[in-house]
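Listing of work-v6.csv, CSV, C-alpha atoms
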chain,number,residue,atom,x,y,z
A,21,MET,CA,0.6,-28.7,-0.3
A,22,THR,CA,-2.2,-29.6,-2.7
A,23,THR,CA,-1.5,-28.7,-6.3
A,24,ILE,CA,-4.2,-27.1,-8.4
A,25,ASP,CA,-4.4,-26.6,-12.1
A,26,PRO,CA,-3.8,-22.8,-12.6
A,27,ASP,CA,-6.4,-22.8,-15.4
A,28,THR,CA,-9.1,-23.7,-13.0
A,29,LEU,CA,-8.4,-20.9,-10.6
A,30,GLN,CA,-10.8,-18.0,-11.0
A,31,ILE,CA,-10.6,-14.6,-9.2
A,32,ARG,CA,-13.9,-13.0,-8.7
A,33,PRO,CA,-15.4,-10.2,-6.6
A,34,LEU,CA,-16.3,-11.2,-3.1
A,35,HIS,CA,-20.0,-12.1,-2.5
A,36,GLU,CA,-22.2,-12.3,0.6
A,37,GLY,CA,-22.0,-16.1,0.5
A,38,ASP,CA,-18.2,-16.1,0.9
A,39,PHE,CA,-18.2,-15.2,4.6
A,40,GLU,CA,-17.9,-18.6,6.2
A,41,ALA,CA,-15.2,-19.8,3.8
A,42,ILE,CA,-13.2,-16.6,4.4
A,43,VAL,CA,-13.5,-17.0,8.2
A,44,ASP,CA,-12.3,-20.6,7.9
A,45,ILE,CA,-9.3,-19.6,5.7
A,46,ASP,CA,-8.4,-16.7,8.0
A,47,THR,CA,-8.6,-18.9,11.1
A,48,ARG,CA,-6.4,-21.5,9.6
A,49,ALA,CA,-3.9,-19.0,8.2
A,50,ALA,CA,-3.8,-16.8,11.3
A,51,GLY,CA,-3.8,-19.7,13.7
A,52,ARG,CA,-6.7,-18.2,15.7
A,53,PRO,CA,-10.3,-17.3,15.0
A,54,ARG,CA,-11.0,-13.6,14.3
A,55,PRO,CA,-14.7,-13.6,13.2
A,56,ASP,CA,-15.4,-10.1,14.6
A,57,TYR,CA,-12.5,-8.6,12.7
A,58,ILE,CA,-13.2,-10.5,9.5
A,59,GLY,CA,-16.9,-9.7,9.9
A,60,ARG,CA,-16.3,-5.9,10.0
A,61,LYS,CA,-13.9,-6.1,7.0
A,62,PHE,CA,-16.3,-8.3,5.1
A,63,GLU,CA,-19.3,-6.1,5.8
A,64,HIS,CA,-17.4,-3.0,4.6
A,65,ALA,CA,-16.2,-4.9,1.5
A,66,ILE,CA,-19.8,-5.9,0.6
A,67,GLN,CA,-21.1,-2.4,1.2
A,68,SER,CA,-18.4,-0.8,-1.1
A,69,ALA,CA,-18.5,-3.5,-3.8
A,70,GLY,CA,-20.4,-1.4,-6.3
A,71,GLN,CA,-18.3,1.7,-6.0
A,72,LEU,CA,-14.7,1.0,-5.0
A,73,GLY,CA,-14.8,-2.7,-4.6
A,74,THR,CA,-11.3,-4.1,-4.2
A,75,SER,CA,-12.1,-7.4,-2.4
A,76,TYR,CA,-11.8,-10.7,-4.2
A,77,VAL,CA,-11.9,-14.4,-3.7
A,78,ALA,CA,-9.9,-17.2,-5.5
A,79,VAL,CA,-12.1,-20.1,-6.4
A,80,ALA,CA,-11.2,-23.5,-8.1
A,81,ASP,CA,-13.8,-26.2,-8.8
A,82,GLY,CA,-16.4,-24.3,-6.6
A,83,VAL,CA,-14.1,-24.2,-3.5
A,84,THR,CA,-12.9,-20.9,-2.1
A,85,LEU,CA,-9.1,-21.1,-1.7
A,86,GLY,CA,-8.1,-17.5,-0.8
A,87,PHE,CA,-9.3,-13.9,-0.4
A,88,ILE,CA,-8.1,-10.4,-0.4
A,89,MET,CA,-10.0,-7.5,1.2
A,90,GLY,CA,-9.1,-3.8,0.9
A,91,GLY,CA,-10.4,-0.5,-0.2
A,92,VAL,CA,-9.6,2.9,-1.6
A,93,TYR,CA,-9.0,5.8,0.8
A,94,LEU,CA,-11.0,8.9,0.2
A,95,GLY,CA,-8.9,11.1,2.4
A,96,GLU,CA,-9.0,9.3,5.7
A,97,PHE,CA,-6.1,9.7,8.1
A,98,GLY,CA,-4.9,12.6,5.9
A,99,MET,CA,-4.0,10.1,3.1
A,100,PRO,CA,-4.6,11.4,-0.4
A,101,GLY,CA,-7.6,10.0,-2.4
A,102,ASP,CA,-5.3,8.1,-4.7
A,103,THR,CA,-4.3,5.6,-2.0
A,104,ALA,CA,-5.6,2.0,-1.4
A,105,THR,CA,-5.1,-0.3,1.5
A,106,ILE,CA,-5.0,-4.1,1.8
A,107,ASP,CA,-6.7,-5.0,5.1
A,108,THR,CA,-6.2,-8.7,4.9
A,109,ILE,CA,-5.2,-11.5,2.6
A,110,GLY,CA,-5.4,-15.2,3.2
A,111,VAL,CA,-4.9,-18.5,1.4
A,112,ASN,CA,-6.0,-21.9,2.6
A,113,PRO,CA,-2.7,-23.3,4.0
A,114,ASP,CA,-3.3,-26.6,2.1
A,115,PHE,CA,-3.0,-24.7,-1.2
A,116,GLU,CA,-0.1,-22.3,-0.5
A,117,GLY,CA,2.5,-22.3,-3.2
A,118,ASN,CA,0.0,-22.3,-6.1
A,119,GLY,CA,0.3,-18.6,-6.8
A,120,ILE,CA,-3.1,-17.9,-5.3
A,121,ALA,CA,-2.0,-14.9,-3.2
A,122,ARG,CA,-0.1,-13.5,-6.2
A,123,ARG,CA,-3.2,-13.8,-8.5
A,124,LEU,CA,-5.4,-12.1,-5.8
A,125,LEU,CA,-2.9,-9.3,-5.4
A,126,ASP,CA,-2.5,-8.8,-9.2
A,127,GLU,CA,-6.3,-8.5,-9.4
A,128,PHE,CA,-6.4,-6.0,-6.6
A,129,VAL,CA,-3.5,-3.9,-8.1
A,130,GLY,CA,-5.2,-3.9,-11.5
A,131,HIS,CA,-8.4,-2.6,-10.1
A,132,CYS,CA,-6.6,0.0,-8.1
A,133,ARG,CA,-4.6,1.2,-11.2
A,134,ALA,CA,-7.9,1.5,-13.2
A,135,ALA,CA,-9.3,3.6,-10.4
A,136,GLY,CA,-6.4,6.0,-10.5
A,137,VAL,CA,-4.7,4.7,-7.3
A,138,LYS,CA,-1.0,5.7,-7.1
A,139,ARG,CA,0.0,3.8,-3.9
A,140,ILE,CA,-1.1,0.8,-1.9
A,141,HIS,CA,-0.6,0.5,1.9
A,142,THR,CA,-0.8,-2.5,4.2
A,143,LEU,CA,0.4,-3.5,7.6
A,144,VAL,CA,2.4,-6.6,8.4
A,145,GLU,CA,3.6,-7.8,11.8
A,146,TRP,CA,7.3,-7.3,12.0
A,147,THR,CA,7.8,-10.9,12.9
A,148,ASP,CA,5.7,-12.4,10.1
A,149,GLU,CA,8.6,-13.3,7.8
A,150,PRO,CA,6.7,-15.2,5.2
A,151,LEU,CA,4.2,-12.4,4.7
A,152,LEU,CA,7.0,-9.8,4.7
A,153,ARG,CA,8.9,-11.8,2.0
A,154,PHE,CA,5.7,-12.1,-0.1
A,155,PHE,CA,5.0,-8.4,-0.1
A,156,ASP,CA,8.7,-7.7,-0.7
A,157,HIS,CA,8.6,-10.0,-3.7
A,158,MET,CA,5.5,-8.3,-4.9
A,159,GLY,CA,7.3,-4.9,-4.9
A,160,PHE,CA,6.2,-3.5,-1.5
A,161,GLY,CA,8.7,-1.7,0.7
A,162,PRO,CA,8.6,0.5,3.9
A,163,ALA,CA,6.3,3.5,3.7
A,164,LYS,CA,7.3,7.0,4.5
A,165,ALA,CA,4.6,7.1,7.2
A,166,LEU,CA,5.4,5.5,10.6
A,167,SER,CA,2.7,3.6,12.4
A,168,LEU,CA,2.6,4.6,16.1
A,169,GLU,CA,1.0,2.9,19.0
A,170,LYS,CA,0.4,3.4,22.7
A,171,ILE,CA,0.1,0.3,24.9
A,172,LEU,CA,-2.8,0.7,27.4

Translate this structure into structure tokens?
Amino acid sequence: MTTIDPDTLQIRPLHEGDFEAIVDIDTRAAGRPRPDYIGRKFEHAIQSAGQLGTSYVAVADGVTLGFIMGGVYLGEFGMPGDTATIDTIGVNPDFEGNGIARRLLDEFVGHCRAAGVKRIHTLVEWTDEPLLRFFDHMGFGPAKALSLEKIL
């Protein structure tokens, strides 16, 4: 782990020029490249930045170290309009343990509160224990809705 000075860490809204850094961080964090998925989420984040923008990057000394992308639901899937989702969050593995994910999530939550959001949803693989622990530590718990799937 590379330690950073917390005073140099800035959280700012995601910009168009952040795409490559986000793909790189996601590839390293996920263990596999997902440029199509990240591309779709990134494009949506850029398009909604002016209205319900809830996507941010963490930068220190000009280097992007992490990101969070999400949005506010406007009634999709029967969810009330006071609901937000976190689509993806990632931190450069070399900088884990510096509180970057916490700072990103705090910014996301603060923006959601200001927008009148009452609940935030995200999906985590059942076997991703580090991410489950992180979200548990940040106050997330099982939702009342159950995600269903059909294997084809």

Worksheet item: Please, what distance in Å, to one decimal, runs between CA of Leu85 (chain A) and CA of Val111 (chain A)?
Response: 5.8 Å

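Nearest to Glu36 (chain A) of all the residues A:Glu63, A:Asp102, A:Glu149, A:Asp56 is A:Glu63, counting all atoms listed in the file.
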
Fill in: For Gly117 (chain A), the nearest of the candidates A:Pro33, A:Pro55, A:Gly86, A:Gly159, counting all atoms listed in the file
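Nearest to Gly117 (chain A): A:Gly86.
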
Worksheet entry | Distance in Å - CA of Met21 (chain A) versus CA of Thr105 (chain A) |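 Going from CA of Met21 (chain A) over to CA of Thr105 (chain A) covers 29.0 Å.
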
Discussion item. Which residue is closest to Leu151 (chain A)? Choose from A:Leu168, A:Ala80, A:Ala104, A:Ala49 and count only C-alpha atoms.
Written reply: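 Between A:Leu168, A:Ala80, A:Ala104, A:Ala49, the residue approaching Leu151 (chain A) most closely is A:Ala49.
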
Within 12 Å of Asp126 (chain A) using only C-alpha atoms, minus same-chain residues under 2 positions, as a tab-separated table (two decimals) with C-alpha atoms, in the frame of the given file:
chain	number	residue	atom	x	y	z
A	31	ILE	CA	-10.60	-14.60	-9.20
A	74	THR	CA	-11.30	-4.10	-4.20
A	75	SER	CA	-12.10	-7.40	-2.40
A	76	TYR	CA	-11.80	-10.70	-4.20
A	78	ALA	CA	-9.90	-17.20	-5.50
A	88	ILE	CA	-8.10	-10.40	-0.40
A	119	GLY	CA	0.30	-18.60	-6.80
A	120	ILE	CA	-3.10	-17.90	-5.30
A	121	ALA	CA	-2.00	-14.90	-3.20
A	122	ARG	CA	-0.10	-13.50	-6.20
A	123	ARG	CA	-3.20	-13.80	-8.50
A	124	LEU	CA	-5.40	-12.10	-5.80
A	128	PHE	CA	-6.40	-6.00	-6.60
A	129	VAL	CA	-3.50	-3.90	-8.10
A	130	GLY	CA	-5.20	-3.90	-11.50
A	131	HIS	CA	-8.40	-2.60	-10.10
A	132	CYS	CA	-6.60	0.00	-8.10
A	133	ARG	CA	-4.60	1.20	-11.20
A	155	PHE	CA	5.00	-8.40	-0.10
A	158	MET	CA	5.50	-8.30	-4.90
A	159	GLY	CA	7.30	-4.90	-4.90

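Separating CA of His141 (chain A) from CA of Arg54 (chain A) is a distance of 21.5 Å.
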
Discussion item. As a list in words, please: the residues near His35 (chain A) (cut-off 9 Å, only C-alpha atoms, same-chain neighbours under 3 positions excluded).
Written reply: Arg32, Asp38, Phe39, Ile66, Ala69, Tyr76 and Val77 of chain A

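Comparing the minimum interatomic distances between Val144 (chain A) and each of A:Asn118, A:Asn112, A:Thr47, A:Ser167, counting all atoms listed in the file, we find that A:Ser167 sits nearest.
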